[in-house]
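To be precise, the following lines are structure.txt, and they hold compact mmCIF, C-alpha atoms.
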```
# COMPACT_ATOMS: atom_id res chain seq x y z
CA MET A 1 249.80 145.45 51.04
CA SER A 2 249.73 142.63 53.60
CA ARG A 3 247.56 142.74 56.72
CA TRP A 4 250.79 142.63 58.76
CA MET A 5 252.18 145.76 57.08
CA ARG A 6 248.84 147.63 57.27
CA ALA A 7 248.57 146.88 60.98
CA ARG A 8 252.13 147.89 61.58
CA ARG A 9 251.80 151.22 59.78
CA ALA A 10 248.56 152.02 61.60
CA THR A 11 250.19 151.30 64.94
CA ALA A 12 253.29 153.28 63.94
CA ALA A 13 251.13 156.30 63.17
CA ALA A 14 249.47 156.08 66.57
CA LEU A 15 252.83 155.75 68.31
CA LEU A 16 254.28 158.71 66.45
CA ALA A 17 251.32 160.77 67.58
CA MET A 18 252.32 159.90 71.15
CA GLY A 19 255.93 160.93 70.51
CA VAL A 20 257.28 157.38 70.24
CA SER A 21 259.54 156.77 67.23
CA VAL A 22 259.45 153.36 65.58
CA GLY A 23 261.91 154.07 62.81
CA PRO A 24 261.49 155.55 59.34
CA SER A 25 257.95 155.82 57.99
CA ALA A 26 258.89 154.50 54.56
CA GLY A 27 260.62 151.15 54.37
CA PRO A 28 262.50 149.53 51.49
CA ALA A 29 260.53 148.44 48.43
CA ILE A 30 259.65 144.79 49.10
CA ALA A 31 256.88 142.45 48.04
CA ASP A 32 253.93 141.76 50.31
CA ASP A 33 253.94 138.72 52.59
CA THR A 34 257.62 137.94 52.15
CA ILE A 35 260.02 136.84 54.86
CA ARG A 36 262.13 139.89 54.17
CA GLU A 37 259.09 142.13 54.70
CA LYS A 38 258.70 140.80 58.21
CA GLN A 39 262.23 141.72 59.28
CA TRP A 40 261.19 144.95 60.97
CA HIS A 41 264.58 145.38 62.60
CA LEU A 42 266.23 146.00 59.22
CA GLU A 43 263.86 148.90 58.52
CA THR A 44 264.34 150.31 62.01
CA MET A 45 268.13 150.15 61.65
CA HIS A 46 268.07 151.74 58.16
CA ALA A 47 269.73 148.69 56.63
CA THR A 48 269.23 149.59 52.97
CA GLU A 49 270.92 152.93 53.58
CA MET A 50 273.82 151.28 55.42
CA TRP A 51 274.38 148.74 52.68
CA LYS A 52 275.24 151.58 50.30
CA VAL A 53 278.27 152.15 52.53
CA SER A 54 279.06 148.70 53.92
CA THR A 55 277.79 145.12 53.89
CA GLY A 56 280.50 143.77 56.19
CA LYS A 57 282.60 142.41 53.34
CA GLY A 58 285.99 141.09 54.38
CA VAL A 59 285.05 140.51 58.02
CA THR A 60 284.70 137.08 59.63
CA VAL A 61 282.25 136.68 62.50
CA ALA A 62 282.58 133.50 64.54
CA VAL A 63 279.29 132.17 65.89
CA ILE A 64 279.58 129.84 68.89
CA ASP A 65 276.36 127.86 69.14
CA GLY A 66 274.76 124.43 69.19
CA GLY A 67 275.00 123.45 65.52
CA PHE A 68 274.13 124.84 62.10
CA LYS A 69 272.01 124.01 59.06
CA LEU A 70 274.84 124.34 56.56
CA ASP A 71 272.64 123.97 53.48
CA HIS A 72 270.03 126.57 54.37
CA PRO A 73 269.51 128.63 51.18
CA ASP A 74 270.10 131.90 53.05
CA LEU A 75 273.47 130.65 54.36
CA VAL A 76 274.92 128.81 51.38
CA GLY A 77 278.20 130.50 50.55
CA GLN A 78 278.26 132.39 53.84
CA LEU A 79 279.71 129.70 56.09
CA LEU A 80 283.42 129.01 56.33
CA PRO A 81 284.66 125.55 57.32
CA GLY A 82 283.90 125.35 61.02
CA LYS A 83 284.76 123.06 63.90
CA ASP A 84 282.83 120.94 66.39
CA PHE A 85 283.81 121.23 70.06
CA SER A 86 280.67 119.57 71.42
CA GLY A 87 281.74 115.93 71.40
CA SER A 88 278.35 115.03 69.94
CA PRO A 89 277.92 113.03 66.72
CA GLY A 90 277.26 114.65 63.39
CA GLY A 91 279.75 117.53 63.33
CA VAL A 92 279.09 121.23 62.82
CA GLY A 93 276.23 120.53 60.41
CA SER A 94 274.13 118.66 62.98
CA PHE A 95 271.92 120.49 65.44
CA GLY A 96 269.43 120.02 68.23
CA ASP A 97 267.67 123.30 67.56
CA GLY A 98 267.76 126.19 65.12
CA HIS A 99 269.51 128.71 67.36
CA GLY A 100 272.90 128.69 65.64
CA THR A 101 271.27 128.91 62.23
CA GLU A 102 269.19 131.87 63.38
CA MET A 103 272.17 133.78 64.78
CA SER A 104 274.14 133.20 61.58
CA SER A 105 271.17 134.36 59.50
CA LEU A 106 270.73 137.55 61.51
CA ILE A 107 274.39 138.39 60.98
CA ALA A 108 275.07 137.37 57.38
CA GLY A 109 271.99 135.86 55.73
CA THR A 110 271.68 136.51 51.99
CA GLY A 111 267.91 136.26 51.54
CA LYS A 112 268.33 133.79 48.67
CA GLY A 113 265.81 131.39 50.19
CA ALA A 114 262.04 131.54 49.65
CA GLY A 115 262.51 132.34 45.99
CA GLY A 116 264.89 135.20 46.71
CA THR A 117 262.69 136.81 49.37
CA GLY A 118 264.25 135.09 52.37
CA ALA A 119 265.87 136.48 55.51
CA VAL A 120 268.70 138.97 55.05
CA GLY A 121 271.37 139.51 57.67
CA LEU A 122 272.39 142.95 58.84
CA ALA A 123 275.90 142.35 57.43
CA PRO A 124 275.25 140.14 54.37
CA GLY A 125 278.77 140.65 53.06
CA ALA A 126 280.41 139.15 56.14
CA LYS A 127 281.36 135.49 56.51
CA ILE A 128 280.40 133.18 59.37
CA LEU A 129 282.81 130.81 61.11
CA PRO A 130 280.43 128.22 62.64
CA LEU A 131 281.73 126.70 65.89
CA LYS A 132 279.59 124.05 67.54
CA ILE A 133 279.39 123.52 71.28
CA ASN A 134 277.01 121.62 73.52
CA ASN A 135 274.63 124.31 74.74
CA GLY A 136 272.14 121.77 76.03
CA SER A 137 270.52 121.18 72.67
CA VAL A 138 272.66 118.14 71.80
CA GLY A 139 272.80 116.39 75.17
CA ALA A 140 272.85 117.06 78.89
CA LEU A 141 274.42 120.40 79.70
CA ASP A 142 277.37 120.30 82.07
CA PRO A 143 278.33 123.85 83.12
CA GLY A 144 282.05 123.05 83.31
CA ASP A 145 282.07 121.42 79.90
CA PHE A 146 280.09 124.31 78.48
CA LEU A 147 282.61 126.89 79.66
CA ARG A 148 285.54 124.79 78.46
CA GLN A 149 283.98 124.37 75.03
CA VAL A 150 283.31 128.09 74.76
CA GLY A 151 286.94 128.77 75.68
CA ASP A 152 288.25 126.28 73.12
CA ALA A 153 285.99 127.79 70.46
CA VAL A 154 287.14 131.32 71.28
CA ASN A 155 290.79 130.27 70.99
CA TYR A 156 290.10 128.64 67.64
CA ALA A 157 288.20 131.65 66.32
CA VAL A 158 291.08 133.95 67.24
CA ASP A 159 293.58 131.65 65.51
CA GLN A 160 291.38 131.59 62.39
CA GLY A 161 291.36 135.36 62.10
CA ALA A 162 287.79 136.12 63.21
CA LYS A 163 287.39 139.79 64.08
CA VAL A 164 284.09 139.37 65.97
CA ILE A 165 282.94 136.43 68.09
CA ASN A 166 279.23 136.10 68.85
CA VAL A 167 278.24 134.08 71.93
CA SER A 168 274.46 134.20 72.32
CA GLN A 169 274.74 131.55 75.02
CA GLY A 170 275.20 131.36 78.75
CA VAL A 171 275.09 129.25 81.88
CA THR A 172 273.98 130.60 85.26
CA ALA A 173 276.99 131.74 87.25
CA ILE A 174 275.90 129.97 90.45
CA ARG A 175 276.25 126.62 88.64
CA THR A 176 279.88 127.16 87.70
CA SER A 177 283.14 126.55 89.52
CA PRO A 178 285.65 129.38 90.15
CA GLU A 179 288.35 127.40 88.38
CA ASP A 180 286.35 127.00 85.18
CA VAL A 181 285.32 130.64 85.23
CA ALA A 182 288.88 131.84 85.80
CA LYS A 183 290.17 129.79 82.87
CA LEU A 184 287.57 131.18 80.49
CA ASP A 185 288.20 134.68 81.81
CA GLY A 186 291.87 134.30 80.89
CA ILE A 187 290.99 133.10 77.39
CA LEU A 188 288.68 136.06 76.82
CA ALA A 189 291.35 138.46 78.06
CA THR A 190 293.81 136.97 75.58
CA ALA A 191 291.29 137.32 72.75
CA ARG A 192 290.79 140.94 73.66
CA ALA A 193 294.54 141.54 73.79
CA LYS A 194 294.78 140.11 70.27
CA GLY A 195 292.20 142.60 68.99
CA VAL A 196 289.10 140.41 68.81
CA LEU A 197 285.69 141.71 69.87
CA VAL A 198 283.59 139.19 71.82
CA VAL A 199 279.87 140.02 71.95
CA ALA A 200 277.39 138.22 74.20
CA SER A 201 273.72 138.47 75.14
CA VAL A 202 272.92 139.63 78.68
CA GLY A 203 270.14 137.10 79.21
CA ASN A 204 266.37 136.86 79.27
CA GLU A 205 265.68 136.26 82.96
CA ALA A 206 265.12 139.80 84.23
CA GLN A 207 261.76 138.78 85.66
CA SER A 208 263.11 135.54 87.15
CA GLY A 209 265.92 136.71 89.42
CA ASN A 210 268.10 138.57 86.90
CA LEU A 211 270.87 136.06 87.61
CA LEU A 212 274.29 136.59 86.12
CA SER A 213 275.43 134.13 83.46
CA TYR A 214 278.75 133.23 81.88
CA PRO A 215 280.55 133.84 79.60
CA GLY A 216 278.72 137.13 79.28
CA GLY A 217 279.35 138.13 82.91
CA LEU A 218 283.09 138.23 82.42
CA PRO A 219 284.93 141.54 81.97
CA ASN A 220 286.11 141.12 78.38
CA VAL A 221 282.72 140.67 76.74
CA VAL A 222 280.35 143.27 75.29
CA GLY A 223 276.96 142.76 76.94
CA VAL A 224 273.87 143.33 74.81
CA GLY A 225 270.25 143.77 75.87
CA ALA A 226 267.04 143.96 73.84
CA PHE A 227 264.48 146.59 72.90
CA ASP A 228 261.09 146.26 71.24
CA HIS A 229 259.18 147.81 68.31
CA ASN A 230 258.62 150.96 70.34
CA GLY A 231 262.22 151.45 71.39
CA SER A 232 261.61 150.31 74.98
CA VAL A 233 263.94 147.87 76.69
CA THR A 234 262.06 144.57 76.92
CA ALA A 235 260.81 143.24 80.23
CA GLU A 236 262.85 140.03 79.87
CA SER A 237 266.16 141.77 79.07
CA GLU A 238 268.48 141.48 82.06
CA THR A 239 269.96 144.58 83.64
CA GLY A 240 273.08 145.72 85.43
CA PRO A 241 276.35 147.63 85.01
CA HIS A 242 277.52 145.00 82.52
CA VAL A 243 274.98 146.06 79.83
CA ALA A 244 276.84 147.99 77.14
CA LEU A 245 274.33 148.32 74.28
CA VAL A 246 270.82 147.28 73.25
CA ALA A 247 269.44 146.18 69.88
CA PRO A 248 266.11 144.90 68.51
CA GLY A 249 265.00 141.75 70.31
CA VAL A 250 261.30 140.99 69.72
CA ASP A 251 259.51 139.40 66.76
CA ILE A 252 262.85 138.80 65.06
CA VAL A 253 262.46 136.81 61.84
CA ALA A 254 265.41 134.76 60.61
CA ALA A 255 266.39 131.54 58.89
CA CYS A 256 266.09 128.46 61.08
CA THR A 257 265.68 124.69 60.95
CA SER A 258 261.89 124.44 61.06
CA SER A 259 259.89 122.82 58.27
CA THR A 260 259.25 126.28 56.82
CA ASP A 261 262.96 127.30 57.02
CA TYR A 262 262.02 130.51 58.90
CA CYS A 263 261.23 131.32 62.52
CA LYS A 264 260.21 134.24 64.68
CA SER A 265 262.01 134.59 67.99
CA HIS A 266 262.70 137.03 70.79
CA GLY A 267 265.44 137.64 73.30
CA THR A 268 268.86 139.12 73.85
CA SER A 269 270.49 136.40 71.74
CA ASP A 270 269.03 138.06 68.66
CA SER A 271 270.15 141.47 69.90
CA ALA A 272 273.73 140.28 70.40
CA ALA A 273 273.81 138.93 66.85
CA LEU A 274 272.74 142.34 65.54
CA VAL A 275 275.48 144.09 67.51
CA SER A 276 278.01 141.58 66.16
CA ALA A 277 276.81 142.38 62.65
CA SER A 278 277.03 146.11 63.41
CA ALA A 279 280.68 145.69 64.39
CA ALA A 280 281.33 143.84 61.13
CA LEU A 281 279.76 146.66 59.11
CA VAL A 282 282.02 149.27 60.67
CA TRP A 283 285.15 147.10 60.61
CA SER A 284 284.69 146.47 56.89
CA VAL A 285 284.99 150.21 56.20
CA HIS A 286 287.75 150.78 58.76
CA PRO A 287 289.89 147.62 58.60
CA ASP A 288 292.80 149.36 60.32
CA TRP A 289 290.80 150.21 63.42
CA SER A 290 291.32 148.14 66.54
CA ALA A 291 288.58 146.32 68.42
CA ASN A 292 288.78 149.09 71.03
CA GLN A 293 288.08 151.72 68.39
CA ILE A 294 285.22 149.77 66.83
CA LEU A 295 283.54 149.33 70.20
CA ARG A 296 284.16 152.93 71.24
CA VAL A 297 282.52 154.22 68.06
CA LEU A 298 279.52 151.90 68.53
CA ILE A 299 279.12 153.17 72.08
CA ASN A 300 279.63 156.83 71.25
CA THR A 301 277.12 156.76 68.37
CA ALA A 302 274.46 154.79 70.27
CA GLY A 303 270.97 156.29 70.70
CA ARG A 304 270.99 157.40 74.31
CA PRO A 305 268.28 156.22 76.74
CA ASN A 306 265.35 158.65 76.79
CA GLY A 307 267.33 160.96 74.52
CA GLY A 308 269.68 161.88 77.38
CA ASN A 309 273.36 161.28 77.97
CA ALA A 310 273.48 159.05 81.04
CA ARG A 311 274.30 155.38 80.86
CA THR A 312 271.62 153.20 82.48
CA ASN A 313 271.60 149.67 83.83
CA ASP A 314 268.87 148.46 81.51
CA ALA A 315 269.89 150.14 78.23
CA GLY A 316 273.62 150.61 78.77
CA TRP A 317 274.87 153.41 76.52
CA GLY A 318 271.80 152.94 74.34
CA ALA A 319 270.64 151.48 71.04
CA VAL A 320 273.35 150.46 68.63
CA ARG A 321 273.21 152.61 65.48
CA PRO A 322 275.63 151.26 62.88
CA ARG A 323 274.32 153.69 60.27
CA ILE A 324 275.51 156.62 62.37
CA ALA A 325 278.74 154.79 63.18
CA LEU A 326 279.34 154.48 59.43
CA THR A 327 278.36 157.98 58.36
CA ASP A 328 279.43 160.05 61.38
CA PRO A 329 281.76 157.96 63.54
CA GLY A 330 283.75 160.80 65.07
CA ASP A 331 287.23 160.24 66.44
CA PRO A 332 287.64 156.52 67.29
CA GLY A 333 290.17 157.36 69.98
CA SER A 334 293.13 155.32 71.12
CA ALA A 335 293.67 151.93 69.53
CA ASN A 336 295.10 150.61 72.78
CA VAL A 337 292.59 151.89 75.32
CA SER A 338 289.53 149.72 75.69
CA PRO A 339 286.07 150.61 77.01
CA LEU A 340 286.26 147.15 78.63
CA PRO A 341 289.32 147.19 80.93
CA ALA A 342 291.02 143.89 81.69
CA ASP A 343 291.18 144.69 85.39
CA ALA A 344 287.44 145.17 85.78
CA ALA A 345 286.15 143.08 88.66
CA THR A 346 284.14 140.01 87.78
CA PRO A 347 280.51 140.58 88.89
CA SER A 348 279.02 138.61 91.73
CA ALA A 349 276.87 135.62 90.87
CA ALA A 350 274.18 136.91 93.22
CA PRO A 351 270.87 138.12 91.78
CA SER A 352 270.90 141.76 90.80
CA PRO A 353 267.93 144.12 91.28
CA SER A 354 264.84 143.49 89.22
CA ALA A 355 264.94 144.62 85.62
CA SER A 356 261.44 146.01 85.86
CA ALA A 357 262.50 148.88 88.11
CA SER A 358 261.90 152.20 86.38
CA VAL A 359 264.98 153.80 87.95
CA PRO A 360 268.43 152.22 87.46
CA VAL A 361 270.21 150.96 90.56
CA SER A 362 273.08 153.39 90.02
CA SER A 363 273.47 156.47 87.91
CA SER A 364 276.59 155.80 85.88
CA PRO A 365 278.40 158.60 84.06
CA SER A 366 277.97 158.75 80.32
CA PRO A 367 280.77 158.72 77.77
CA SER A 368 282.37 162.09 77.22
CA GLY A 369 280.86 164.26 74.52
CA ALA A 370 283.87 163.68 72.30
CA ALA A 371 283.76 160.44 70.39
CA ALA A 372 287.39 159.81 71.27
CA GLY A 373 286.63 159.37 74.95
CA ALA A 374 286.20 155.92 76.46
CA PRO A 375 283.21 155.48 78.80
CA THR A 376 284.09 156.33 82.37
CA VAL A 377 282.07 153.43 83.74
CA GLN A 378 283.08 150.29 81.97
CA PRO A 379 280.53 147.81 80.60
CA LYS A 380 280.83 144.11 81.22
CA ALA A 381 278.52 141.43 79.91
CA GLU A 382 275.96 139.09 81.30
CA GLY A 383 275.33 135.73 79.69
CA SER A 384 272.19 134.61 77.99
CA SER A 385 270.02 131.58 78.28
CA GLY A 386 269.13 131.89 74.65
CA SER A 387 266.89 133.66 72.19
CA GLY A 388 263.57 132.79 73.76
CA SER A 389 261.17 130.50 71.98
CA ALA A 390 261.50 130.28 68.22
CA LEU A 391 258.15 129.92 66.50
CA PRO A 392 257.93 128.48 62.98
CA ILE A 393 256.26 130.88 60.56
CA VAL A 394 253.38 129.03 58.97
CA GLY A 395 251.11 131.88 57.92
CA GLY A 396 251.27 135.13 56.05
CA VAL A 397 250.98 137.37 59.13
CA VAL A 398 253.61 137.78 61.84
CA ALA A 399 252.01 138.95 65.07
CA GLY A 400 253.92 141.21 67.35
CA LEU A 401 252.98 144.90 67.38
CA ALA A 402 251.59 145.84 70.74
CA VAL A 403 248.33 147.73 70.96
CA VAL A 404 248.79 151.38 71.77
CA ALA A 405 247.38 151.05 75.28
CA GLY A 406 249.90 148.34 76.08
CA VAL A 407 252.72 150.43 74.69
CA VAL A 408 252.04 153.21 77.17
CA VAL A 409 252.56 150.81 80.07
CA VAL A 410 255.79 149.47 78.61
CA VAL A 411 257.21 152.93 78.02
CA VAL A 412 256.54 153.84 81.65
CA ARG A 413 258.20 150.72 83.01
CA ARG A 414 261.13 150.29 80.65
CA ARG A 415 263.65 152.83 79.47
CA ARG A 416 263.04 154.04 75.94
CA VAL A 417 265.84 154.16 73.38
CA GLY A 418 263.78 154.33 70.19
CA ALA A 419 263.06 158.05 70.25
CA PRO A 420 265.36 160.39 68.33
CA PRO A 421 268.32 160.37 67.98
CA TYR A 422 268.03 156.60 67.44
CA GLY A 423 265.96 156.94 64.29
CA ARG A 424 267.91 159.74 62.67
```

For the file at hand, write its structure as structure tokens.
Amino acid sequence: MSRWMRARRATAAALLAMGVSVGPSAGPAIADDTIREKQWHLETMHATEMWKVSTGKGVTVAVIDGGFKLDHPDLVGQLLPGKDFSGSPGGVGSFGDGHGTEMSSLIAGTGKGAGGTGAVGLAPGAKILPLKINNGSVGALDPGDFLRQVGDAVNYAVDQGAKVINVSQGVTAIRTSPEDVAKLDGILATARAKGVLVVASVGNEAQSGNLLSYPGGLPNVVGVGAFDHNGSVTAESETGPHVALVAPGVDIVAACTSSTDYCKSHGTSDSAALVSASAALVWSVHPDWSANQILRVLINTAGRPNGGNARTNDAGWGAVRPRIALTDPGDPGSANVSPLPADAATPSAAPSPSASASVPVSSSPSPSGAAAGAPTVQPKAEGSSGSGSALPIVGGVVAGLAVVAGVVVVVVRRRRVGAPPYGR
């Protein structure tokens, strides 16, 4: 057994003694010191159990990002012919960083790299439509151009039949013009009307002003925050009424463009990719469901913050649980009624209250007890500045589990979503 796994299990035992759930005690049978072994989020989300029901087969997820390593072993055969909207040389297969490759890997990686022990996506049966934009990694970032490129990519993804669109990107709202924002808002509303689910990260600047970003801050996007090994919302994950769901977002191992082919990253970008993959898993089993029904089921089966029923500004309706959505989805409700209404007001670009507050700014009603009910307070999304720093993996041990003393502080400051029922 690797030092990483021994340390993790020892910490898990200590956390369980304190009443903090970190997922199932027995993970899938994997070799020591493999990339796959280090993907703790798959164990926490019960991936091997889910894959007996669904792998996301038949669902296309569009990933809008800054370029893709098309020949990465974990992505060969997973990428459909994409399109470049960036205006930069090199096409879809050129990149300034590994972000797009990482997001694609988290969604639909096959694990065929590293001698068959590479990074596996949460929905390895899904296909990725890679759409390149200039997110600042391939030249100077112009906010207006960024929003226009995102809009063009969304339109293209809809026309190509993508069911889910992942945008783990964002530009600060105060840098954008009302005209550019309004145009993108209209495009996103059209995508929603055509039955496409757009998922975006809420951003990583909770401790630096918690500023709203676009496109995630627009009404027709599902906003996703991040939680850690202990089920606590991370300190960097931005907060507000636009947060719909949270997913794992620390020490996330995925394929990338480093010399080792694998990186460890953190941030709400990773979390958004996992929610996109979760939607693909459910849609594969229920191809006749609408985007409204898919989202409603994901919300209604989420692990509620602190085990309660109330929606909160840091955790939204809670931790996404695709395994529960697959095995016990409940009534998906109306195909034509969305948890994200088109007439929801666009949030202000002003800073929102600090994410580190232990009490949410407002106490929003929870979804009704029946799975058919749409949430009474509607989530919107907040954009993301990215996935945090991606660190090439060059050794056999991936650091990341907090010491127990540190965990206590985090649990006090940040809402916990990892306790039951998340792990059940």

Practice task
Compute the distance from (271.5, 146.3, 52.8) to each atom, counting all atoms listed in the file, keep the residues with any atom at most 10 Å away, and return them as a PyMOL selection string; use the coordinates of the file.
Solution key: chain A and resi 28+42-43+46-56+110+120-125

With range 187-200 of chain A as the partner and 12 Å as the cut-off, tabulate the residues of range 37-125 of chain A that qualify, each row holding the nearest pair of atoms and their distance in Å to one decimal, using all atoms listed in the file, sorted by chain and rising number, as a Markdown table.
```
| residue | atom | partner | partner_atom | distance |
| --- | --- | --- | --- | --- |
| A:Val59 | CA | A:Val196 | CA | 11.5 |
| A:Thr60 | CA | A:Val196 | CA | 10.7 |
| A:Val61 | CA | A:Leu197 | CA | 9.6 |
| A:Ala62 | CA | A:Val198 | CA | 9.3 |
| A:Val63 | CA | A:Val199 | CA | 9.9 |
| A:Ile64 | CA | A:Ala200 | CA | 10.2 |
| A:Asp65 | CA | A:Ala200 | CA | 11.6 |
| A:Met103 | CA | A:Ala200 | CA | 11.6 |
```

Exercise for the section: Could you please determine the separation between CA of Lys83 in chain A and CA of Ala153 in chain A in Å, to one decimal place? Expected result: 8.2 Å

Handout entry: All residues 8 Å or closer to Thr257 in chain A, only C-alpha atoms, same chain fewer than 5 positions away omitted, as JSON, numbers by chain
Key = {"A": [69, 97, 98, 101, 262]}

Completion exercise
As a check of understanding: the span from CA of Gly66 in chain A to CA of Ser94 in chain A is 8.5 Å

Practice task
May I have the protein, DNA and RNA residues with an atom at most 6 Å from (271.1, 137.2, 72.4), counting all atoms listed in the file in the file's coordinates, returned as a count of residues only?
Solution key: 9

Exercise for the section: Rounded to one decimal place, report the CA of Arg296 in chain A-CA of Pro339 in chain A distance in Å. Expected result: 6.5 Å

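Considering the residues A:Val275, A:Val158, A:Ala108, A:Leu281 and counting only C-alpha atoms, Val320 in chain A has its shortest atom-to-atom contact with A:Val275.
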
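Using all atoms listed in the file, the nearest neighbour of Glu238 in chain A within the list A:Cys263, A:Val92, A:Asn313, A:Gly87 is A:Asn313.
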
Problem - Best match for closeness to His266 in chain A among A:Asp152, A:Glu102, A:Asp331, A:Asp84, counting all atoms listed in the file - result: A:Glu102

Handout entry: Test item: residues at most 7 Å from Ala335 in chain A, all atoms listed in the file, excluding those fewer than 4 positions along its chain, as a PyMOL selection string
Key = chain A and resi 289-290+292-293

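Among the candidates A:Gly170, A:Pro219, A:Gly67, A:Gly240, the residue lying nearest to Cys256 in chain A is A:Gly67 (atoms considered: only C-alpha atoms).
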